[in-house]
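Structure file my_file_32.cif (mmCIF, C-alpha atoms, pLDDT in the B column; chains and numbers go by the auth columns) follows.
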data_target
#
loop_
_atom_site.group_PDB
_atom_site.id
_atom_site.type_symbol
_atom_site.label_atom_id
_atom_site.label_comp_id
_atom_site.label_asym_id
_atom_site.label_seq_id
_atom_site.Cartn_x
_atom_site.Cartn_y
_atom_site.Cartn_z
_atom_site.B_iso_or_equiv
_atom_site.auth_seq_id
_atom_site.auth_asym_id
ATOM 1 C CA MET A 1 -7.972 14.390 -5.972 38.00 1 A
ATOM 2 C CA THR A 2 -11.596 14.513 -7.071 35.00 2 A
ATOM 3 C CA ILE A 3 -13.427 13.166 -10.067 33.00 3 A
ATOM 4 C CA LYS A 4 -13.559 15.791 -12.756 33.00 4 A
ATOM 5 C CA THR A 5 -16.924 17.254 -13.684 33.00 5 A
ATOM 6 C CA PRO A 6 -18.074 17.056 -17.316 35.00 6 A
ATOM 7 C CA SER A 7 -16.686 19.700 -19.625 36.00 7 A
ATOM 8 C CA THR A 8 -18.938 22.630 -20.435 36.00 8 A
ATOM 9 C CA GLN A 9 -17.598 22.736 -23.969 36.00 9 A
ATOM 10 C CA LYS A 10 -19.917 21.590 -26.709 34.00 10 A
ATOM 11 C CA THR A 11 -19.136 18.047 -27.855 35.00 11 A
ATOM 12 C CA THR A 12 -20.960 15.430 -29.791 38.00 12 A
ATOM 13 C CA ASP A 13 -22.952 12.794 -27.877 41.00 13 A
ATOM 14 C CA THR A 14 -20.399 10.155 -28.857 32.00 14 A
ATOM 15 C CA GLU A 15 -17.416 12.186 -27.668 38.00 15 A
ATOM 16 C CA SER A 16 -19.174 12.942 -24.401 36.00 16 A
ATOM 17 C CA LYS A 17 -20.010 9.280 -23.765 36.00 17 A
ATOM 18 C CA LEU A 18 -16.457 8.088 -24.479 35.00 18 A
ATOM 19 C CA SER A 19 -14.999 10.759 -22.238 41.00 19 A
ATOM 20 C CA ASN A 20 -17.413 9.925 -19.425 45.00 20 A
ATOM 21 C CA ASP A 21 -16.764 6.184 -19.701 46.00 21 A
ATOM 22 C CA LYS A 22 -13.019 6.712 -19.473 47.00 22 A
ATOM 23 C CA ALA A 23 -13.290 9.089 -16.524 50.00 23 A
ATOM 24 C CA THR A 24 -15.566 6.885 -14.430 59.00 24 A
ATOM 25 C CA GLU A 25 -14.157 3.376 -14.873 88.00 25 A
ATOM 26 C CA LEU A 26 -14.208 2.094 -11.318 92.00 26 A
ATOM 27 C CA GLU A 27 -11.790 -0.652 -10.288 92.00 27 A
ATOM 28 C CA THR A 28 -11.714 -2.759 -7.141 93.00 28 A
ATOM 29 C CA HIS A 29 -8.382 -3.742 -5.600 93.00 29 A
ATOM 30 C CA PRO A 30 -7.698 -7.271 -6.892 92.00 30 A
ATOM 31 C CA PHE A 31 -5.762 -8.675 -3.923 94.00 31 A
ATOM 32 C CA GLU A 32 -7.028 -9.609 -0.477 96.00 32 A
ATOM 33 C CA PRO A 33 -5.082 -8.257 2.507 97.00 33 A
ATOM 34 C CA VAL A 34 -2.473 -10.501 4.094 98.00 34 A
ATOM 35 C CA LEU A 35 -3.365 -10.515 7.783 98.00 35 A
ATOM 36 C CA PRO A 36 -1.272 -12.806 10.001 98.00 36 A
ATOM 37 C CA PRO A 37 -2.954 -12.902 13.434 97.00 37 A
ATOM 38 C CA ASN A 38 0.457 -12.425 15.079 97.00 38 A
ATOM 39 C CA ALA A 39 1.341 -9.356 12.979 98.00 39 A
ATOM 40 C CA THR A 40 2.719 -6.364 14.862 98.00 40 A
ATOM 41 C CA VAL A 41 3.281 -4.122 11.819 98.00 41 A
ATOM 42 C CA MET A 42 1.182 -3.568 8.702 98.00 42 A
ATOM 43 C CA MET A 43 2.407 -2.393 5.307 98.00 43 A
ATOM 44 C CA MET A 44 -0.071 -0.168 3.476 97.00 44 A
ATOM 45 C CA GLY A 45 0.246 0.882 -0.160 94.00 45 A
ATOM 46 C CA THR A 46 -2.342 2.082 -2.664 93.00 46 A
ATOM 47 C CA PHE A 47 -3.228 0.328 -5.921 89.00 47 A
ATOM 48 C CA PRO A 48 -1.444 -2.142 -8.232 91.00 48 A
ATOM 49 C CA PRO A 49 -0.737 -1.527 -11.917 89.00 49 A
ATOM 50 C CA THR A 50 -3.042 -2.814 -14.615 90.00 50 A
ATOM 51 C CA ALA A 51 -3.127 -6.603 -14.988 92.00 51 A
ATOM 52 C CA ASP A 52 -0.919 -6.591 -18.084 93.00 52 A
ATOM 53 C CA LYS A 53 1.953 -5.436 -15.838 93.00 53 A
ATOM 54 C CA TRP A 54 1.563 -8.260 -13.307 96.00 54 A
ATOM 55 C CA ALA A 55 4.232 -10.927 -12.892 96.00 55 A
ATOM 56 C CA MET A 56 2.141 -12.646 -10.189 97.00 56 A
ATOM 57 C CA SER A 57 -1.264 -12.329 -8.523 95.00 57 A
ATOM 58 C CA PHE A 58 -0.082 -10.764 -5.280 97.00 58 A
ATOM 59 C CA HIS A 59 0.731 -7.411 -3.740 97.00 59 A
ATOM 60 C CA TYR A 60 3.343 -5.376 -5.645 96.00 60 A
ATOM 61 C CA PRO A 61 2.975 -7.666 -8.681 97.00 61 A
ATOM 62 C CA ASN A 62 5.122 -5.760 -11.158 96.00 62 A
ATOM 63 C CA PHE A 63 8.484 -7.496 -11.525 97.00 63 A
ATOM 64 C CA TYR A 64 10.130 -4.094 -11.917 96.00 64 A
ATOM 65 C CA ASN A 65 8.792 -2.792 -8.625 96.00 65 A
ATOM 66 C CA ASP A 66 11.576 -3.338 -6.079 97.00 66 A
ATOM 67 C CA MET A 67 9.465 -4.182 -3.003 98.00 67 A
ATOM 68 C CA TRP A 68 10.351 -7.868 -2.865 98.00 68 A
ATOM 69 C CA ARG A 69 13.991 -7.231 -3.807 98.00 69 A
ATOM 70 C CA ILE A 70 14.158 -4.864 -0.844 98.00 70 A
ATOM 71 C CA TYR A 71 12.625 -7.457 1.471 98.00 71 A
ATOM 72 C CA GLY A 72 15.063 -10.040 0.131 98.00 72 A
ATOM 73 C CA ARG A 73 18.057 -7.837 0.834 98.00 73 A
ATOM 74 C CA VAL A 74 16.816 -6.630 4.231 98.00 74 A
ATOM 75 C CA PHE A 75 16.022 -10.062 5.642 98.00 75 A
ATOM 76 C CA PHE A 76 18.252 -12.435 3.648 98.00 76 A
ATOM 77 C CA ASP A 77 20.941 -10.232 2.064 98.00 77 A
ATOM 78 C CA ASP A 78 19.744 -11.492 -1.328 98.00 78 A
ATOM 79 C CA ALA A 79 17.716 -9.344 -3.734 98.00 79 A
ATOM 80 C CA ASP A 80 16.591 -12.490 -5.579 98.00 80 A
ATOM 81 C CA TYR A 81 15.509 -14.422 -2.483 98.00 81 A
ATOM 82 C CA PHE A 82 11.811 -14.328 -3.460 98.00 82 A
ATOM 83 C CA ARG A 83 12.440 -14.651 -7.199 98.00 83 A
ATOM 84 C CA ILE A 84 11.584 -17.872 -9.031 98.00 84 A
ATOM 85 C CA GLY A 85 14.880 -18.945 -10.587 97.00 85 A
ATOM 86 C CA ASP A 86 15.766 -16.770 -13.549 96.00 86 A
ATOM 87 C CA GLU A 87 12.126 -15.995 -14.340 97.00 87 A
ATOM 88 C CA LYS A 88 10.856 -12.438 -14.256 97.00 88 A
ATOM 89 C CA ARG A 89 8.482 -13.061 -11.363 97.00 89 A
ATOM 90 C CA PHE A 90 8.460 -13.608 -7.647 98.00 90 A
ATOM 91 C CA ASP A 91 6.960 -16.477 -5.643 98.00 91 A
ATOM 92 C CA PRO A 92 3.760 -15.257 -3.932 97.00 92 A
ATOM 93 C CA GLU A 93 3.474 -18.323 -1.695 98.00 93 A
ATOM 94 C CA ARG A 94 7.010 -17.885 -0.419 98.00 94 A
ATOM 95 C CA ILE A 95 6.331 -14.209 0.264 98.00 95 A
ATOM 96 C CA ARG A 96 3.068 -14.981 2.047 98.00 96 A
ATOM 97 C CA ASP A 97 4.669 -17.700 4.189 98.00 97 A
ATOM 98 C CA PHE A 98 7.455 -15.285 5.123 98.00 98 A
ATOM 99 C CA MET A 99 4.975 -12.587 6.148 98.00 99 A
ATOM 100 C CA PHE A 100 3.066 -15.001 8.377 98.00 100 A
ATOM 101 C CA GLU A 101 6.306 -16.241 9.921 98.00 101 A
ATOM 102 C CA ARG A 102 7.615 -12.736 10.636 98.00 102 A
ATOM 103 C CA GLY A 103 4.304 -11.190 11.676 98.00 103 A
ATOM 104 C CA ILE A 104 4.095 -8.584 8.900 98.00 104 A
ATOM 105 C CA ALA A 105 0.668 -7.725 7.494 98.00 105 A
ATOM 106 C CA SER A 106 -0.047 -6.090 4.141 98.00 106 A
ATOM 107 C CA CYS A 107 -3.248 -4.203 3.434 98.00 107 A
ATOM 108 C CA PRO A 108 -3.901 -1.597 0.726 96.00 108 A
ATOM 109 C CA THR A 109 -5.282 1.773 1.756 96.00 109 A
ATOM 110 C CA VAL A 110 -7.562 1.819 -1.306 95.00 110 A
ATOM 111 C CA LYS A 111 -10.450 -0.585 -1.993 95.00 111 A
ATOM 112 C CA GLN A 112 -11.849 1.131 -5.087 95.00 112 A
ATOM 113 C CA ALA A 113 -10.341 3.736 -7.362 92.00 113 A
ATOM 114 C CA ILE A 114 -10.372 5.317 -10.805 92.00 114 A
ATOM 115 C CA ARG A 115 -7.190 5.520 -12.880 84.00 115 A
ATOM 116 C CA GLU A 116 -7.467 8.901 -14.529 82.00 116 A
ATOM 117 C CA THR A 117 -4.644 8.156 -16.963 74.00 117 A
ATOM 118 C CA GLY A 118 -4.911 4.369 -17.140 67.00 118 A
ATOM 119 C CA ASN A 119 -1.691 3.625 -15.245 63.00 119 A
ATOM 120 C CA ALA A 120 -0.628 2.962 -11.654 60.00 120 A
ATOM 121 C CA SER A 121 0.568 6.477 -10.913 68.00 121 A
ATOM 122 C CA ASP A 122 -0.671 7.596 -7.497 67.00 122 A
ATOM 123 C CA LYS A 123 -0.638 11.164 -8.760 73.00 123 A
ATOM 124 C CA ASN A 124 -3.489 10.357 -11.143 74.00 124 A
ATOM 125 C CA LEU A 125 -5.428 7.962 -8.913 84.00 125 A
ATOM 126 C CA THR A 126 -8.857 9.036 -7.691 89.00 126 A
ATOM 127 C CA VAL A 127 -9.672 7.200 -4.474 92.00 127 A
ATOM 128 C CA VAL A 128 -13.360 6.280 -4.361 93.00 128 A
ATOM 129 C CA THR A 129 -13.464 3.865 -1.415 95.00 129 A
ATOM 130 C CA PRO A 130 -10.644 3.790 1.156 96.00 130 A
ATOM 131 C CA VAL A 131 -9.795 0.877 3.412 97.00 131 A
ATOM 132 C CA ASP A 132 -12.216 0.150 6.264 96.00 132 A
ATOM 133 C CA LEU A 133 -9.935 -0.069 9.291 97.00 133 A
ATOM 134 C CA ASP A 134 -12.913 -1.060 11.450 96.00 134 A
ATOM 135 C CA VAL A 135 -12.862 -4.331 9.512 95.00 135 A
ATOM 136 C CA ILE A 136 -9.091 -4.767 9.232 97.00 136 A
ATOM 137 C CA LEU A 137 -7.703 -3.845 12.652 97.00 137 A
ATOM 138 C CA PRO A 138 -9.698 -6.434 14.657 95.00 138 A
ATOM 139 C CA GLN A 139 -8.113 -9.123 12.465 96.00 139 A
ATOM 140 C CA VAL A 140 -4.603 -8.005 13.451 97.00 140 A
ATOM 141 C CA PRO A 141 -5.073 -7.073 17.116 96.00 141 A
ATOM 142 C CA LYS A 142 -1.326 -6.963 17.856 97.00 142 A
ATOM 143 C CA VAL A 143 -0.529 -4.371 15.189 98.00 143 A
ATOM 144 C CA LYS A 144 0.805 -1.171 16.700 97.00 144 A
ATOM 145 C CA SER A 145 2.649 0.271 13.721 98.00 145 A
ATOM 146 C CA LEU A 146 1.393 1.045 10.240 98.00 146 A
ATOM 147 C CA PHE A 147 3.861 1.855 7.497 98.00 147 A
ATOM 148 C CA THR A 148 3.007 3.378 4.159 97.00 148 A
ATOM 149 C CA THR A 149 4.949 3.011 0.933 92.00 149 A
ATOM 150 C CA GLY A 150 4.486 6.526 -0.397 89.00 150 A
ATOM 151 C CA GLY A 151 2.704 9.829 -0.081 92.00 151 A
ATOM 152 C CA LYS A 152 -0.705 8.848 -1.459 93.00 152 A
ATOM 153 C CA ALA A 153 -1.144 5.971 0.993 95.00 153 A
ATOM 154 C CA THR A 154 -0.146 8.304 3.824 96.00 154 A
ATOM 155 C CA GLU A 155 -2.690 10.870 2.644 95.00 155 A
ATOM 156 C CA VAL A 156 -5.476 8.271 2.475 95.00 156 A
ATOM 157 C CA LEU A 157 -4.801 6.981 5.996 97.00 157 A
ATOM 158 C CA LEU A 158 -4.649 10.456 7.499 97.00 158 A
ATOM 159 C CA GLY A 159 -7.945 11.223 5.789 95.00 159 A
ATOM 160 C CA LEU A 160 -9.588 8.529 7.927 96.00 160 A
ATOM 161 C CA LEU A 161 -8.888 10.342 11.184 95.00 161 A
ATOM 162 C CA ASP A 162 -11.641 12.219 12.993 92.00 162 A
ATOM 163 C CA GLU A 163 -9.514 15.345 13.213 89.00 163 A
ATOM 164 C CA PRO A 164 -8.140 16.505 9.847 82.00 164 A
ATOM 165 C CA ILE A 165 -4.388 17.029 9.611 90.00 165 A
ATOM 166 C CA ALA A 166 -2.988 19.737 7.368 90.00 166 A
ATOM 167 C CA LYS A 167 -0.912 18.363 4.509 89.00 167 A
ATOM 168 C CA SER A 168 2.047 20.398 5.758 91.00 168 A
ATOM 169 C CA LYS A 169 1.924 18.260 8.906 93.00 169 A
ATOM 170 C CA HIS A 170 1.998 14.924 7.081 95.00 170 A
ATOM 171 C CA PRO A 171 5.150 12.897 7.778 96.00 171 A
ATOM 172 C CA LYS A 172 7.845 13.141 5.158 95.00 172 A
ATOM 173 C CA THR A 173 9.670 10.051 3.901 96.00 173 A
ATOM 174 C CA ASN A 174 11.364 8.198 6.794 96.00 174 A
ATOM 175 C CA GLN A 175 9.372 10.139 9.377 97.00 175 A
ATOM 176 C CA SER A 176 6.588 8.989 11.711 97.00 176 A
ATOM 177 C CA MET A 177 3.685 10.361 13.729 97.00 177 A
ATOM 178 C CA ASP A 178 1.015 9.212 16.170 96.00 178 A
ATOM 179 C CA TYR A 179 -2.033 7.794 14.419 97.00 179 A
ATOM 180 C CA PRO A 180 -5.064 8.319 16.718 96.00 180 A
ATOM 181 C CA TYR A 181 -7.607 6.252 14.806 96.00 181 A
ATOM 182 C CA GLN A 182 -11.086 6.008 16.339 94.00 182 A
ATOM 183 C CA TRP A 183 -13.638 3.313 15.559 93.00 183 A
ATOM 184 C CA GLN A 184 -16.200 4.499 13.033 90.00 184 A
ATOM 185 C CA SER A 185 -18.792 1.878 13.950 83.00 185 A
ATOM 186 C CA THR A 186 -20.537 1.897 17.330 76.00 186 A
ATOM 187 C CA ASP A 187 -20.256 -1.914 17.309 75.00 187 A
ATOM 188 C CA ASP A 188 -16.477 -1.636 17.659 67.00 188 A
ATOM 189 C CA GLN A 189 -16.376 1.029 20.346 70.00 189 A
ATOM 190 C CA LYS A 190 -16.496 -1.520 23.140 66.00 190 A
ATOM 191 C CA ALA A 191 -12.819 -2.257 22.401 80.00 191 A
ATOM 192 C CA ASP A 192 -9.897 0.145 22.432 86.00 192 A
ATOM 193 C CA VAL A 193 -7.823 0.837 19.360 91.00 193 A
ATOM 194 C CA ASN A 194 -4.126 0.216 19.944 93.00 194 A
ATOM 195 C CA ASN A 195 -1.973 3.310 20.276 95.00 195 A
ATOM 196 C CA LEU A 196 -0.939 3.287 16.630 98.00 196 A
ATOM 197 C CA THR A 197 2.081 4.919 15.043 98.00 197 A
ATOM 198 C CA LEU A 198 2.244 5.741 11.336 98.00 198 A
ATOM 199 C CA TYR A 199 5.585 5.520 9.551 98.00 199 A
ATOM 200 C CA ARG A 200 6.169 6.681 5.987 98.00 200 A
ATOM 201 C CA LEU A 201 8.773 4.722 4.047 98.00 201 A
ATOM 202 C CA PRO A 202 10.072 5.342 0.515 96.00 202 A
ATOM 203 C CA SER A 203 8.110 4.194 -2.493 95.00 203 A
ATOM 204 C CA THR A 204 9.574 1.042 -4.032 96.00 204 A
ATOM 205 C CA SER A 205 8.615 2.125 -7.534 94.00 205 A
ATOM 206 C CA ARG A 206 11.588 2.744 -9.789 92.00 206 A
ATOM 207 C CA ALA A 207 9.966 6.036 -10.703 90.00 207 A
ATOM 208 C CA TYR A 208 10.738 7.268 -7.182 92.00 208 A
ATOM 209 C CA PRO A 209 14.100 9.105 -7.342 92.00 209 A
ATOM 210 C CA LEU A 210 16.046 7.236 -4.667 95.00 210 A
ATOM 211 C CA SER A 211 18.684 4.554 -5.145 96.00 211 A
ATOM 212 C CA LEU A 212 17.887 0.953 -4.307 97.00 212 A
ATOM 213 C CA ASP A 213 20.638 0.944 -1.668 98.00 213 A
ATOM 214 C CA LYS A 214 19.042 3.902 0.128 98.00 214 A
ATOM 215 C CA LYS A 215 15.604 2.303 -0.032 98.00 215 A
ATOM 216 C CA VAL A 216 17.025 -0.901 1.425 98.00 216 A
ATOM 217 C CA ALA A 217 18.690 1.107 4.202 98.00 217 A
ATOM 218 C CA ALA A 218 15.399 2.836 5.057 98.00 218 A
ATOM 219 C CA TYR A 219 13.426 -0.409 5.234 98.00 219 A
ATOM 220 C CA LYS A 220 16.187 -2.126 7.201 98.00 220 A
ATOM 221 C CA ALA A 221 16.263 0.680 9.763 98.00 221 A
ATOM 222 C CA PHE A 222 12.485 0.460 10.132 98.00 222 A
ATOM 223 C CA PHE A 223 12.389 -3.313 10.603 98.00 223 A
ATOM 224 C CA GLU A 224 15.247 -3.121 13.084 98.00 224 A
ATOM 225 C CA LYS A 225 13.269 -0.557 15.066 98.00 225 A
ATOM 226 C CA MET A 226 10.244 -2.867 14.944 98.00 226 A
ATOM 227 C CA GLY A 227 12.292 -5.785 16.287 97.00 227 A
ATOM 228 C CA LYS A 228 11.949 -7.820 13.089 98.00 228 A
ATOM 229 C CA LEU A 229 15.693 -8.154 12.496 96.00 229 A
#
Now that the file is in, can you turn its structure into structure tokens?
Amino acid sequence: MTIKTPSTQKTTDTESKLSNDKATELETHPFEPVLPPNATVMMMGTFPPTADKWAMSFHYPNFYNDMWRIYGRVFFDDADYFRIGDEKRFDPERIRDFMFERGIASCPTVKQAIRETGNASDKNLTVVTPVDLDVILPQVPKVKSLFTTGGKATEVLLGLLDEPIAKSKHPKTNQSMDYPYQWQSTDDQKADVNNLTLYRLPSTSRAYPLSLDKKVAAYKAFFEKMGKL
């Protein structure tokens, strides 16, 4: 999706300025990647909701996003494993410690973006600056599998490849494909990129029309395949 050009309709200077300000409000992803040096898989989403929706300052911060419930059920058979008591928030330190212990990295595919409608919907997210894998991959040299948490993240990653891939060829949910990433910087070309595989898993947003049980089953099957269970 591209940034819309200014309307050709006649408007007042004030209306034009307000419209332009709203359309070009650039945001930077607020959370640093989690990059355990022993990681063999890396989770890659897009962009968090606005700060008023956060229950914690960590990836997938909305309490009503089911990511950490899914992890809890997959690894500990307890949807509330990462929850703090009866509070409507999860424990970011516990999650981070778990990811380092299990060798699971988490890195967003988007560094900077514009929310066209002011919410976290990927459909209305204009990606301005994608992730720089030249910077990220050397920090997780054992990673051989990337897994996205939705279509937009998949689209962004495939857009980084030297050879474009038609959208009709993008993996559907619960499918995978080879990911032949090539270094973009000549400084990195002295080392080989691992033979990467890209997996697309279901979105953990409750807006995604799939039951929690089926999402848990998909993530469990993936982590079993990756030797994490």
Mind giving me the straight-line distance from CA of Tyr219 in chain A to CA of Ser145 in chain A in Å, one decimal?
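Those two atoms sit 13.7 Å apart.
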Would you mind listing what lies within 7 Å of Leu196 in chain A as a tab-separated table (two decimals) with C-alpha atoms, in the frame of the given file, with only C-alpha atoms counted and same-chain residues fewer than 2 positions away left out?
chain	number	residue	atom	x	y	z
A	144	LYS	CA	0.80	-1.17	16.70
A	145	SER	CA	2.65	0.27	13.72
A	178	ASP	CA	1.01	9.21	16.17
A	179	TYR	CA	-2.03	7.79	14.42
A	180	PRO	CA	-5.06	8.32	16.72
A	194	ASN	CA	-4.13	0.22	19.94
A	198	LEU	CA	2.24	5.74	11.34
Atomic distance CA of Tyr64 in chain A - CA of Pro33 in chain A, expressed in Å with one decimal:
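Distance reported for this atom pair: 21.4 Å.
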Work out how far apart CA of Gln184 in chain A and CA of Met226 in chain A are and give it in Å to one decimal.
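Separating CA of Gln184 in chain A from CA of Met226 in chain A is a distance of 27.5 Å.
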Matched chain/residue IDs from the PyMOL selection byres ((chain A and resi 171) around 9), as JSON, numbers by chain
{"A": [151, 154, 167, 168, 169, 170, 172, 173, 174, 175, 176, 177, 198, 199, 200]}
Residue among A:Ile70, A:Met43, A:Val127, A:Met56 lying closest to Glu155 in chain A, counting only C-alpha atoms:
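Smallest separation from Glu155 in chain A among the options: A:Val127.
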Starting from the displayed file, determine the output of the PyMOL selection byres ((chain A and resi 65) around 7) and express the residue list as a PyMOL selection string.
chain A and resi 60+62-64+66-67+204-206
Please rebuild range 207-220 of chain A with N, CA, C and O atoms and return the result as an mmCIF file, keeping the file's coordinate frame.
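So out_34.cif came out as:
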data_model
loop_
_atom_site.group_PDB
_atom_site.id
_atom_site.type_symbol
_atom_site.label_atom_id
_atom_site.label_comp_id
_atom_site.auth_asym_id
_atom_site.auth_seq_id
_atom_site.Cartn_x
_atom_site.Cartn_y
_atom_site.Cartn_z
ATOM 1 N N ALA A 207 10.195 4.639 -10.329
ATOM 2 C CA ALA A 207 9.966 6.036 -10.703
ATOM 3 C C ALA A 207 10.324 6.978 -9.554
ATOM 4 O O ALA A 207 10.520 8.177 -9.766
ATOM 5 N N TYR A 208 10.398 6.438 -8.339
ATOM 6 C CA TYR A 208 10.738 7.268 -7.182
ATOM 7 C C TYR A 208 12.244 7.512 -7.181
ATOM 8 O O TYR A 208 13.033 6.558 -7.200
ATOM 9 N N PRO A 209 12.678 8.767 -7.152
ATOM 10 C CA PRO A 209 14.100 9.105 -7.342
ATOM 11 C C PRO A 209 14.959 8.874 -6.109
ATOM 12 O O PRO A 209 15.429 9.803 -5.462
ATOM 13 N N LEU A 210 15.169 7.600 -5.770
ATOM 14 C CA LEU A 210 16.046 7.236 -4.667
ATOM 15 C C LEU A 210 16.698 5.913 -5.033
ATOM 16 O O LEU A 210 16.037 5.016 -5.572
ATOM 17 N N SER A 211 17.981 5.770 -4.757
ATOM 18 C CA SER A 211 18.684 4.554 -5.145
ATOM 19 C C SER A 211 18.157 3.353 -4.375
ATOM 20 O O SER A 211 17.623 3.476 -3.272
ATOM 21 N N LEU A 212 18.319 2.180 -4.964
ATOM 22 C CA LEU A 212 17.887 0.953 -4.307
ATOM 23 C C LEU A 212 18.605 0.781 -2.972
ATOM 24 O O LEU A 212 17.980 0.392 -1.975
ATOM 25 N N ASP A 213 19.893 1.092 -2.915
ATOM 26 C CA ASP A 213 20.638 0.944 -1.668
ATOM 27 C C ASP A 213 20.038 1.802 -0.554
ATOM 28 O O ASP A 213 19.938 1.363 0.598
ATOM 29 N N LYS A 214 19.619 3.017 -0.891
ATOM 30 C CA LYS A 214 19.042 3.902 0.128
ATOM 31 C C LYS A 214 17.655 3.430 0.546
ATOM 32 O O LYS A 214 17.268 3.566 1.714
ATOM 33 N N LYS A 215 16.908 2.868 -0.389
ATOM 34 C CA LYS A 215 15.604 2.303 -0.032
ATOM 35 C C LYS A 215 15.792 1.110 0.901
ATOM 36 O O LYS A 215 15.083 0.966 1.907
ATOM 37 N N VAL A 216 16.733 0.256 0.572
ATOM 38 C CA VAL A 216 17.025 -0.901 1.425
ATOM 39 C C VAL A 216 17.418 -0.432 2.824
ATOM 40 O O VAL A 216 16.946 -0.974 3.833
ATOM 41 N N ALA A 217 18.249 0.591 2.904
ATOM 42 C CA ALA A 217 18.690 1.107 4.202
ATOM 43 C C ALA A 217 17.510 1.624 5.020
ATOM 44 O O ALA A 217 17.443 1.410 6.237
ATOM 45 N N ALA A 218 16.562 2.302 4.357
ATOM 46 C CA ALA A 218 15.399 2.836 5.057
ATOM 47 C C ALA A 218 14.515 1.721 5.603
ATOM 48 O O ALA A 218 14.067 1.762 6.756
ATOM 49 N N TYR A 219 14.265 0.710 4.790
ATOM 50 C CA TYR A 219 13.426 -0.409 5.234
ATOM 51 C C TYR A 219 14.141 -1.224 6.318
ATOM 52 O O TYR A 219 13.507 -1.682 7.274
ATOM 53 N N LYS A 220 15.440 -1.383 6.191
ATOM 54 C CA LYS A 220 16.187 -2.126 7.201
ATOM 55 C C LYS A 220 16.135 -1.408 8.540
ATOM 56 O O LYS A 220 15.928 -2.038 9.596
#
